[in-house]
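Engineer: What follows is data10.cif, mmCIF, C-alpha atoms.
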data_model
#
loop_
_atom_site.group_PDB
_atom_site.id
_atom_site.type_symbol
_atom_site.label_atom_id
_atom_site.label_comp_id
_atom_site.auth_asym_id
_atom_site.auth_seq_id
_atom_site.Cartn_x
_atom_site.Cartn_y
_atom_site.Cartn_z
ATOM 1 C CA MET L 1 150.290 65.920 156.537
ATOM 2 C CA THR L 2 147.217 65.573 158.803
ATOM 3 C CA PHE L 3 145.498 63.208 156.415
ATOM 4 C CA ALA L 4 148.693 61.155 155.983
ATOM 5 C CA ILE L 5 149.085 60.758 159.758
ATOM 6 C CA PHE L 6 145.468 59.687 160.273
ATOM 7 C CA PHE L 7 145.590 57.421 157.242
ATOM 8 C CA PHE L 8 148.733 55.824 158.677
ATOM 9 C CA ALA L 9 147.011 55.376 162.053
ATOM 10 C CA SER L 10 143.994 53.770 160.309
ATOM 11 C CA TRP L 11 146.263 51.464 158.348
ATOM 12 C CA LEU L 12 148.285 50.584 161.436
ATOM 13 C CA ILE L 13 145.315 49.644 163.603
ATOM 14 C CA THR L 14 143.632 47.714 160.753
ATOM 15 C CA ALA L 15 146.854 45.807 160.005
ATOM 16 C CA LEU L 16 147.368 45.119 163.703
ATOM 17 C CA PHE L 17 143.860 43.740 163.971
ATOM 18 C CA LEU L 18 144.438 41.504 160.944
ATOM 19 C CA ILE L 19 147.707 40.009 162.204
ATOM 20 C CA ILE L 20 146.826 39.332 165.840
ATOM 21 C CA PRO L 21 145.429 35.921 166.819
ATOM 22 C CA LYS L 22 141.655 36.303 167.099
ATOM 23 C CA LYS L 23 139.958 35.268 170.295
ATOM 24 C CA LEU L 24 136.594 36.539 169.074
ATOM 25 C CA SER L 25 134.811 34.934 166.130
ATOM 26 C CA THR L 26 134.199 36.839 162.891
ATOM 27 C CA ILE L 27 130.586 37.568 163.826
ATOM 28 C CA GLU L 28 131.521 38.679 167.347
ATOM 29 C CA ASN L 29 134.140 41.055 165.978
ATOM 30 C CA THR L 30 131.643 42.421 163.455
ATOM 31 C CA PHE L 31 128.929 42.856 166.063
ATOM 32 C CA VAL L 32 131.124 44.812 168.500
ATOM 33 C CA PHE L 33 132.664 46.818 165.628
ATOM 34 C CA MET L 34 129.202 47.900 164.451
ATOM 35 C CA ILE L 35 128.013 48.833 167.963
ATOM 36 C CA ILE L 36 131.101 51.009 168.525
ATOM 37 C CA LEU L 37 130.809 52.510 165.031
ATOM 38 C CA ILE L 38 127.155 53.478 165.563
ATOM 39 C CA ILE L 39 127.948 55.121 168.907
ATOM 40 C CA SER L 40 131.051 56.838 167.516
ATOM 41 C CA ILE L 41 129.088 58.334 164.593
ATOM 42 C CA ASN L 42 126.109 59.421 166.704
ATOM 43 C CA TRP L 43 128.294 60.742 169.510
ATOM 44 C CA SER L 44 130.446 62.884 167.230
ATOM 45 C CA TRP L 45 127.364 64.272 165.465
ATOM 46 C CA ILE L 46 125.553 65.131 168.702
ATOM 47 C CA ILE L 47 128.609 66.635 170.445
ATOM 48 C CA TYR L 48 129.998 68.485 167.381
ATOM 49 C CA GLU L 49 126.963 69.437 165.301
ATOM 50 C CA GLU L 50 124.008 69.508 167.668
ATOM 51 C CA PHE L 51 125.486 70.849 170.921
ATOM 52 C CA LYS L 52 128.461 72.617 169.245
ATOM 53 C CA LEU L 53 130.726 71.635 172.145
ATOM 54 C CA VAL L 54 133.536 71.007 169.685
ATOM 55 C CA ASN L 55 134.237 72.849 166.440
ATOM 56 C CA LEU L 56 134.896 70.551 163.525
ATOM 57 C CA THR L 57 137.185 71.554 160.636
ATOM 58 C CA GLU L 58 135.733 72.612 157.279
ATOM 59 C CA GLU L 59 138.945 71.772 155.399
ATOM 60 C CA PRO L 60 138.299 68.727 153.161
ATOM 61 C CA MET L 61 141.488 66.776 153.939
ATOM 62 C CA GLU L 62 141.258 67.387 157.685
ATOM 63 C CA TYR L 63 137.588 66.406 157.505
ATOM 64 C CA ALA L 64 138.596 63.169 155.758
ATOM 65 C CA ALA L 65 141.016 62.543 158.636
ATOM 66 C CA PHE L 66 138.111 63.026 161.067
ATOM 67 C CA LEU L 67 136.048 60.467 159.099
ATOM 68 C CA LEU L 68 138.930 57.985 159.353
ATOM 69 C CA SER L 69 139.165 58.520 163.083
ATOM 70 C CA ARG L 70 135.406 58.266 163.664
ATOM 71 C CA SER L 71 134.679 55.297 161.412
ATOM 72 C CA ILE L 72 137.879 53.229 161.321
ATOM 73 C CA ILE L 73 140.363 54.042 164.081
ATOM 74 C CA ILE L 74 137.964 54.102 167.054
ATOM 75 C CA PRO L 75 136.005 50.890 166.222
ATOM 76 C CA PHE L 76 139.174 48.968 165.275
ATOM 77 C CA VAL L 77 140.960 49.994 168.486
ATOM 78 C CA PHE L 78 138.111 48.526 170.522
ATOM 79 C CA ILE L 79 137.866 45.195 168.728
ATOM 80 C CA THR L 80 141.662 44.855 168.641
ATOM 81 C CA GLN L 81 142.000 45.417 172.382
ATOM 82 C CA LEU L 82 139.130 42.982 173.036
ATOM 83 C CA ASN L 83 140.929 40.237 171.097
ATOM 84 C CA LEU L 84 144.204 41.004 172.873
ATOM 85 C CA VAL L 85 142.589 41.075 176.313
ATOM 86 C CA TYR L 86 140.968 37.679 175.736
ATOM 87 C CA ALA L 87 144.300 36.313 174.475
ATOM 88 C CA VAL L 88 146.359 37.127 177.571
ATOM 89 C CA THR L 89 146.161 35.267 180.842
ATOM 90 C CA SER L 90 147.663 37.595 183.442
ATOM 91 C CA VAL L 91 145.848 40.566 184.933
ATOM 92 C CA THR L 92 148.939 42.731 184.406
ATOM 93 C CA ARG L 93 148.819 42.135 180.655
ATOM 94 C CA VAL L 94 145.084 42.824 180.553
ATOM 95 C CA VAL L 95 145.634 46.164 182.307
ATOM 96 C CA LEU L 96 148.608 46.925 180.066
ATOM 97 C CA THR L 97 146.601 46.183 176.901
ATOM 98 C CA ILE L 98 143.732 48.400 178.013
ATOM 99 C CA LEU L 99 146.124 51.201 179.040
ATOM 100 C CA MET L 100 147.967 51.044 175.718
ATOM 101 C CA SER L 101 144.777 51.213 173.661
ATOM 102 C CA PHE L 102 143.456 53.995 175.909
ATOM 103 C CA SER L 103 146.684 55.984 175.432
ATOM 104 C CA PHE L 104 146.431 55.484 171.670
ATOM 105 C CA LEU L 105 142.868 56.856 171.641
ATOM 106 C CA LEU L 106 143.875 59.864 173.724
ATOM 107 C CA LEU L 107 146.849 60.446 171.440
ATOM 108 C CA MET L 108 144.498 60.538 168.439
ATOM 109 C CA SER L 109 142.281 63.046 170.287
ATOM 110 C CA LEU L 110 145.347 65.151 171.031
ATOM 111 C CA LEU L 111 146.517 64.974 167.401
ATOM 112 C CA SER L 112 143.042 66.084 166.281
ATOM 113 C CA GLN L 113 143.564 69.194 168.413
ATOM 114 C CA ILE L 114 147.130 69.821 167.282
ATOM 115 C CA PHE L 115 146.239 69.499 163.591
ATOM 116 C CA LYS L 116 143.076 71.618 163.974
ATOM 117 C CA ILE L 117 140.671 68.849 162.999
ATOM 118 C CA THR L 118 138.722 69.657 166.123
ATOM 119 C CA GLU L 119 138.765 72.663 168.404
ATOM 120 C CA PHE L 120 137.370 72.387 171.912
ATOM 121 C CA THR L 121 134.900 75.122 172.852
ATOM 122 C CA ASN L 122 133.089 73.667 175.875
ATOM 123 C CA TRP L 123 134.990 70.409 175.936
ATOM 124 C CA ASN L 124 138.309 69.002 177.118
ATOM 125 C CA LEU L 125 140.457 65.899 176.873
ATOM 126 C CA GLY L 126 139.065 64.610 180.174
ATOM 127 C CA TYR L 127 135.587 64.337 178.639
ATOM 128 C CA ASP L 128 137.094 62.406 175.745
ATOM 129 C CA ALA L 129 138.708 60.073 178.279
ATOM 130 C CA LEU L 130 135.332 59.502 179.973
ATOM 131 C CA TYR L 131 133.752 58.847 176.590
ATOM 132 C CA TYR L 132 136.402 56.214 175.796
ATOM 133 C CA ILE L 133 135.854 54.551 179.189
ATOM 134 C CA PHE L 134 132.146 54.404 178.324
ATOM 135 C CA LEU L 135 133.057 52.757 174.989
ATOM 136 C CA TYR L 136 135.179 50.149 176.806
ATOM 137 C CA LEU L 137 132.163 49.236 178.929
ATOM 138 C CA VAL L 138 129.928 49.099 175.863
ATOM 139 C CA SER L 139 132.382 46.905 173.956
ATOM 140 C CA TYR L 140 132.544 44.329 176.766
ATOM 141 C CA ALA L 141 128.785 44.480 177.429
ATOM 142 C CA SER L 142 127.858 44.080 173.763
ATOM 143 C CA LEU L 143 130.187 41.084 173.414
ATOM 144 C CA LEU L 144 128.681 39.429 176.487
ATOM 145 C CA ILE L 145 125.133 40.061 175.262
ATOM 146 C CA PHE L 146 125.919 38.706 171.806
ATOM 147 C CA ARG L 147 127.585 35.592 173.263
ATOM 148 C CA LYS L 148 124.606 35.021 175.524
ATOM 149 C CA LEU L 149 122.259 35.276 172.546
ATOM 150 C CA GLU L 150 124.459 32.919 170.572
ATOM 151 C CA LEU L 151 124.868 30.301 173.278
ATOM 152 C CA SER L 152 121.258 30.273 174.441
ATOM 153 C CA GLU L 153 119.973 28.978 171.122
ATOM 154 C CA VAL L 154 122.887 27.103 169.592
ATOM 155 C CA ARG L 155 123.279 24.993 172.764
ATOM 156 C CA SER L 156 119.615 24.092 172.864
ATOM 157 C CA THR L 157 119.555 22.784 169.264
ATOM 158 C CA MET D 1 117.814 66.855 169.097
ATOM 159 C CA ASN D 2 114.092 67.132 168.362
ATOM 160 C CA LEU D 3 111.392 64.520 168.259
ATOM 161 C CA TRP D 4 110.301 66.104 164.959
ATOM 162 C CA GLU D 5 110.149 69.551 163.345
ATOM 163 C CA ASN D 6 106.607 69.200 161.942
ATOM 164 C CA PHE D 7 104.640 66.018 162.367
ATOM 165 C CA ASP D 8 103.306 65.512 158.856
ATOM 166 C CA LYS D 9 103.537 63.285 155.772
ATOM 167 C CA ASN D 10 107.119 62.076 156.144
ATOM 168 C CA GLU D 11 106.783 61.120 159.823
ATOM 169 C CA ILE D 12 103.529 59.238 159.145
ATOM 170 C CA TRP D 13 105.113 57.376 156.228
ATOM 171 C CA ILE D 14 108.118 56.361 158.325
ATOM 172 C CA LEU D 15 105.804 54.898 160.970
ATOM 173 C CA VAL D 16 103.727 53.091 158.324
ATOM 174 C CA MET D 17 106.802 51.669 156.592
ATOM 175 C CA LEU D 18 108.362 50.600 159.886
ATOM 176 C CA ALA D 19 105.152 48.786 160.822
ATOM 177 C CA VAL D 20 104.947 47.092 157.413
ATOM 178 C CA ALA D 21 108.653 46.103 157.398
ATOM 179 C CA TYR D 22 108.604 44.624 160.907
ATOM 180 C CA ILE D 23 105.265 42.836 160.306
ATOM 181 C CA ILE D 24 106.782 41.209 157.199
ATOM 182 C CA VAL D 25 109.767 40.050 159.280
ATOM 183 C CA PHE D 26 107.465 38.548 161.936
ATOM 184 C CA ILE D 27 105.282 36.856 159.312
ATOM 185 C CA LEU D 28 108.245 35.199 157.606
ATOM 186 C CA ALA D 29 109.055 31.750 158.976
ATOM 187 C CA ARG D 30 112.089 31.820 161.265
ATOM 188 C CA LYS D 31 115.119 30.741 159.319
ATOM 189 C CA PHE D 32 118.205 31.944 161.201
ATOM 190 C CA TYR D 33 119.536 31.662 164.724
ATOM 191 C CA ARG D 34 118.673 34.684 166.869
ATOM 192 C CA HIS D 35 122.211 36.012 166.981
ATOM 193 C CA ILE D 36 122.467 35.833 163.177
ATOM 194 C CA THR D 37 119.151 37.701 162.859
ATOM 195 C CA ALA D 38 120.420 40.330 165.333
ATOM 196 C CA LEU D 39 123.713 40.582 163.446
ATOM 197 C CA PHE D 40 122.047 41.301 160.095
ATOM 198 C CA PHE D 41 119.496 43.701 161.575
ATOM 199 C CA LEU D 42 122.423 45.607 163.060
ATOM 200 C CA TRP D 43 124.325 45.316 159.769
ATOM 201 C CA GLY D 44 121.548 47.106 157.865
ATOM 202 C CA PHE D 45 121.115 49.725 160.566
ATOM 203 C CA THR D 46 124.881 50.396 160.598
ATOM 204 C CA ILE D 47 125.035 50.839 156.818
ATOM 205 C CA GLY D 48 122.141 53.321 156.985
ATOM 206 C CA VAL D 49 123.807 55.326 159.764
ATOM 207 C CA LEU D 50 127.272 55.218 158.175
ATOM 208 C CA PHE D 51 126.159 56.473 154.770
ATOM 209 C CA ASP D 52 123.718 59.038 156.091
ATOM 210 C CA PHE D 53 126.259 60.612 158.434
ATOM 211 C CA THR D 54 128.967 60.486 155.770
ATOM 212 C CA ILE D 55 127.228 61.833 152.658
ATOM 213 C CA GLY D 56 124.078 63.283 154.197
ATOM 214 C CA GLY D 57 125.624 65.552 156.828
ATOM 215 C CA GLY D 58 128.747 67.462 157.777
ATOM 216 C CA LEU D 59 131.007 68.610 154.959
ATOM 217 C CA MET D 60 129.442 66.271 152.400
ATOM 218 C CA ASP D 61 125.785 67.118 152.869
ATOM 219 C CA TYR D 62 123.951 65.876 149.792
ATOM 220 C CA TYR D 63 120.504 65.395 151.252
ATOM 221 C CA VAL D 64 118.208 66.415 154.067
ATOM 222 C CA LEU D 65 116.581 63.659 156.043
ATOM 223 C CA ASN D 66 113.051 64.506 157.204
ATOM 224 C CA ASP D 67 112.435 68.214 157.855
ATOM 225 C CA THR D 68 115.837 69.642 158.802
ATOM 226 C CA ASP D 69 119.569 68.948 158.975
ATOM 227 C CA LYS D 70 119.143 68.628 162.744
ATOM 228 C CA TYR D 71 119.077 65.173 164.270
ATOM 229 C CA GLU D 72 115.480 64.104 164.912
ATOM 230 C CA VAL D 73 114.074 60.988 166.540
ATOM 231 C CA PHE D 74 112.436 60.219 163.200
ATOM 232 C CA ASP D 75 115.890 60.137 161.582
ATOM 233 C CA PHE D 76 116.700 57.325 163.996
ATOM 234 C CA LEU D 77 113.413 55.576 163.143
ATOM 235 C CA TYR D 78 114.312 55.916 159.456
ATOM 236 C CA TYR D 79 117.625 54.075 160.091
ATOM 237 C CA LEU D 80 115.651 51.308 161.795
ATOM 238 C CA LEU D 81 114.082 50.611 158.381
ATOM 239 C CA PHE D 82 117.447 49.370 157.137
ATOM 240 C CA GLY D 83 117.423 46.488 159.646
ATOM 241 C CA PRO D 84 114.507 44.555 158.066
ATOM 242 C CA PHE D 85 115.812 45.539 154.603
ATOM 243 C CA SER D 86 119.105 43.779 155.358
ATOM 244 C CA TYR D 87 117.340 40.812 157.003
ATOM 245 C CA ILE D 88 114.970 40.276 154.066
ATOM 246 C CA PHE D 89 117.972 40.562 151.726
ATOM 247 C CA ILE D 90 119.743 37.581 153.347
ATOM 248 C CA TYR D 91 116.448 35.761 153.937
ATOM 249 C CA LEU D 92 115.676 35.727 150.216
ATOM 250 C CA TYR D 93 119.371 35.205 149.396
ATOM 251 C CA ASP D 94 119.150 31.929 151.246
ATOM 252 C CA SER D 95 115.616 31.047 150.069
ATOM 253 C CA PHE D 96 116.574 31.483 146.405
ATOM 254 C CA LYS D 97 119.826 29.585 147.029
ATOM 255 C CA ILE D 98 121.907 32.312 145.407
ATOM 256 C CA ASN D 99 125.168 30.981 143.967
ATOM 257 C CA LYS D 100 128.049 32.234 141.808
ATOM 258 C CA LYS D 101 125.835 32.211 138.708
ATOM 259 C CA THR D 102 122.943 34.156 140.225
ATOM 260 C CA PHE D 103 124.883 36.445 142.593
ATOM 261 C CA ILE D 104 125.310 39.318 140.100
ATOM 262 C CA TRP D 105 121.612 39.283 139.126
ATOM 263 C CA TYR D 106 120.475 39.147 142.722
ATOM 264 C CA ILE D 107 122.662 42.099 143.736
ATOM 265 C CA ALA D 108 121.679 44.144 140.674
ATOM 266 C CA VAL D 109 117.958 43.597 141.358
ATOM 267 C CA TRP D 110 118.374 44.588 145.018
ATOM 268 C CA ALA D 111 120.361 47.682 144.056
ATOM 269 C CA LEU D 112 117.433 48.638 141.806
ATOM 270 C CA ILE D 113 114.991 47.953 144.663
ATOM 271 C CA GLY D 114 117.116 50.136 146.957
ATOM 272 C CA THR D 115 117.189 52.965 144.423
ATOM 273 C CA GLY D 116 113.440 52.526 143.902
ATOM 274 C CA MET D 117 112.912 52.794 147.665
ATOM 275 C CA GLN D 118 114.901 56.040 147.683
ATOM 276 C CA TRP D 119 112.600 57.355 144.952
ATOM 277 C CA VAL D 120 109.653 56.442 147.173
ATOM 278 C CA PHE D 121 111.336 58.174 150.142
ATOM 279 C CA THR D 122 111.832 61.372 148.138
ATOM 280 C CA ASN D 123 108.173 61.337 147.096
ATOM 281 C CA MET D 124 107.115 60.869 150.713
ATOM 282 C CA GLY D 125 109.218 63.863 151.748
ATOM 283 C CA ILE D 126 111.537 61.721 153.875
ATOM 284 C CA ILE D 127 114.611 62.598 151.782
ATOM 285 C CA GLN D 128 115.283 65.849 149.899
ATOM 286 C CA PHE D 129 118.345 65.867 147.664
ATOM 287 C CA LYS D 130 120.534 68.955 147.414
ATOM 288 C CA GLU D 131 123.890 70.176 146.074
ATOM 289 C CA GLY D 132 123.105 68.563 142.693
ATOM 290 C CA TYR D 133 122.734 65.052 144.120
ATOM 291 C CA GLU D 134 120.553 62.836 141.936
ATOM 292 C CA LEU D 135 118.642 59.653 142.658
ATOM 293 C CA PHE D 136 120.812 57.574 140.343
ATOM 294 C CA TYR D 137 123.932 58.389 142.385
ATOM 295 C CA SER D 138 122.460 56.087 145.015
ATOM 296 C CA PHE D 139 122.552 53.128 142.633
ATOM 297 C CA PRO D 140 126.347 52.604 142.955
ATOM 298 C CA VAL D 141 126.031 53.019 146.728
ATOM 299 C CA PHE D 142 123.430 50.245 146.881
ATOM 300 C CA LEU D 143 125.408 48.134 144.422
ATOM 301 C CA MET D 144 128.426 48.350 146.696
ATOM 302 C CA THR D 145 126.604 47.821 149.999
ATOM 303 C CA GLN D 146 124.537 44.885 148.698
ATOM 304 C CA THR D 147 127.644 43.243 147.238
ATOM 305 C CA ILE D 148 129.449 43.570 150.567
ATOM 306 C CA THR D 149 126.357 42.248 152.387
ATOM 307 C CA GLY D 150 126.129 39.216 150.058
ATOM 308 C CA LEU D 151 129.838 38.472 150.407
ATOM 309 C CA TYR D 152 129.721 38.954 154.166
ATOM 310 C CA TYR D 153 126.794 36.535 154.429
ATOM 311 C CA GLU D 154 128.807 33.972 152.444
ATOM 312 C CA LEU D 155 131.748 34.488 154.826
ATOM 313 C CA VAL D 156 129.556 34.075 157.914
ATOM 314 C CA LYS D 157 127.877 30.995 156.426
ATOM 315 C CA SER D 158 131.277 29.409 155.758
ATOM 316 C CA LYS D 159 132.434 29.957 159.347
ATOM 317 C CA THR D 160 129.383 29.318 161.493
ATOM 318 C CA LYS D 161 125.971 27.675 161.515
ATOM 319 C CA VAL D 162 123.443 30.301 160.478
ATOM 320 C CA LEU D 163 120.310 28.286 159.742
ATOM 321 C CA LEU D 164 118.009 26.770 162.314
ATOM 322 C CA PRO D 165 117.660 23.006 161.998
ATOM 323 C CA LYS D 166 114.610 22.082 159.931
ATOM 324 C CA THR D 167 111.693 20.857 162.053
ATOM 325 C CA LYS D 168 110.016 17.624 161.006
#
Could you rewrite the structure in this file as structure tokens?

Structural biologist:
Amino acid sequence: MTFAIFFFASWLITALFLIIPKKLSTIENTFVFMIILIISINWSWIIYEEFKLVNLTEEPMEYAAFLLSRSIIIPFVFITQLNLVYAVTSVTRVVLTILMSFSFLLLMSLLSQIFKITEFTNWNLGYDALYYIFLYLVSYASLLIFRKLELSEVRST
Amino acid sequence: MNLWENFDKNEIWILVMLAVAYIIVFILARKFYRHITALFFLWGFTIGVLFDFTIGGGLMDYYVLNDTDKYEVFDFLYYLLFGPFSYIFIYLYDSFKINKKTFIWYIAVWALIGTGMQWVFTNMGIIQFKEGYELFYSFPVFLMTQTITGLYYELVKSKTKVLLPKTK
């Protein structure tokens, strides 16, 4: 059941990303996706395996669900919300988009707890929330940096 | 997270290989726009991180990188090797003008180079296989990642300008 739920969530966010109108180019989406993926992988390893702040399941199917969350759900949520944020014009919709994606991420964290994928030892949902806020900042910063790099040279040629 | 467990052969080899790889990149004539270069450096780095943390740690732990299963700074430096690897892959892909007829050969040769590099890494003590993992299991991994890299480069090339204009 756990694996099915996380697989469904992975499918849902991937499908959502594919059907929405893209405001970022293919390379921009890839760049931000990779930045978030690298942080997500390193973060989970350092917090779970190095500092042991969270216990990670040793059940194969639950572990596969964790891999889906770490490598697919989290990066896709960030690039999807970026495309949606750049597509809307009103501040209310921007805030709403960010809040919805934030709630989705927290829901996945909560489901990880409920289905025993992770077990907090010296950790709580608030820290996860702070981590996601950090990822929002990184996603916007990395896009801006990449665009700057892109425009600086392409414009001058 | 340690800097290193014991500073010996494997750490020295990583530094040497990093120096060689990045010198090669700097020696090569600039071909791509900066953002495309950055994209493919990051692409290689990401593939290295993704596979290492998926099949080289956690529940599927088929090899030890450097001296221990703990995260070391030299593990991170090892992943940095994948950046130039990916860049040189697309650099030569473009230089050799790889097309539908030569794509399969190009990928197969690079998968062999990748597997060969892993053999070198095991001999340098950078990678130690365990749980019955064998060198040749890496061949399909490289075959898959190089194919995706080649196809992704084609996709990027079809959507955006990747090459710097030729100077007279």

Engineer: Given only C-alpha atoms as the basis, pick out the residue of L:Ser69, L:Val85, L:Ala4, L:Ile19 nearest to Ser44 of chain L.

Structural biologist: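 When distances to Ser44 of chain L are compared using only C-alpha atoms, the smallest one comes from L:Ser69.
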
Engineer: Evaluating the PyMOL selection byres ((chain L) within 9 of (chain D)) on the displayed file yields which residues, as a VMD selection string?

Structural biologist: chain L and resid 25 to 28 30 to 31 34 to 35 37 to 38 41 to 42 45 to 46 49 to 51 56 to 60 63 67 71 146 to 151 153 to 154 157

Engineer: Quick one, how far is atom CA of Pro75 of chain L from atom CA of Asp52 of chain D?

Structural biologist: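 Distance reported for this atom pair: 17.9 Å.
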
Engineer: Using all atoms listed in the file, which residues sit within 10 Å of segment 125-131 of chain D once same-chain residues fewer than 4 positions away are excluded, as a list in words?

Structural biologist: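 Once the adjacent positions are removed, what remains is Asp8, Lys9, Asn10, Glu11, Ile12, Trp13, Ile14, Gly56, Met60, Asp61, Tyr62, Tyr63, Val64, Leu65, Asn66, Asp67, Thr68, Phe74, Asp75, Tyr78, Gln118, Trp119, Val120, Phe121 and Leu135 of chain D.
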
Engineer: Evaluate the PyMOL selection byres ((chain D and resi 137) around 12) on the structure here and hand back the selected residues as a list in words.

Structural biologist: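 Applying the expression gives Ile55, Tyr62, Tyr63, Ala111, Leu112, Gly114, Thr115, Gln118, Trp119, Phe129, Gly132, Tyr133, Glu134, Leu135, Phe136, Ser138, Phe139, Pro140, Val141, Phe142, Leu143 and Met144 of chain D.
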
Engineer: Considering all atoms listed in the file, can you say which of L:Ser10, L:Asn55, L:Ser103, L:Ser112 comes closest to Ile133 of chain L?

Structural biologist: L:Ser103
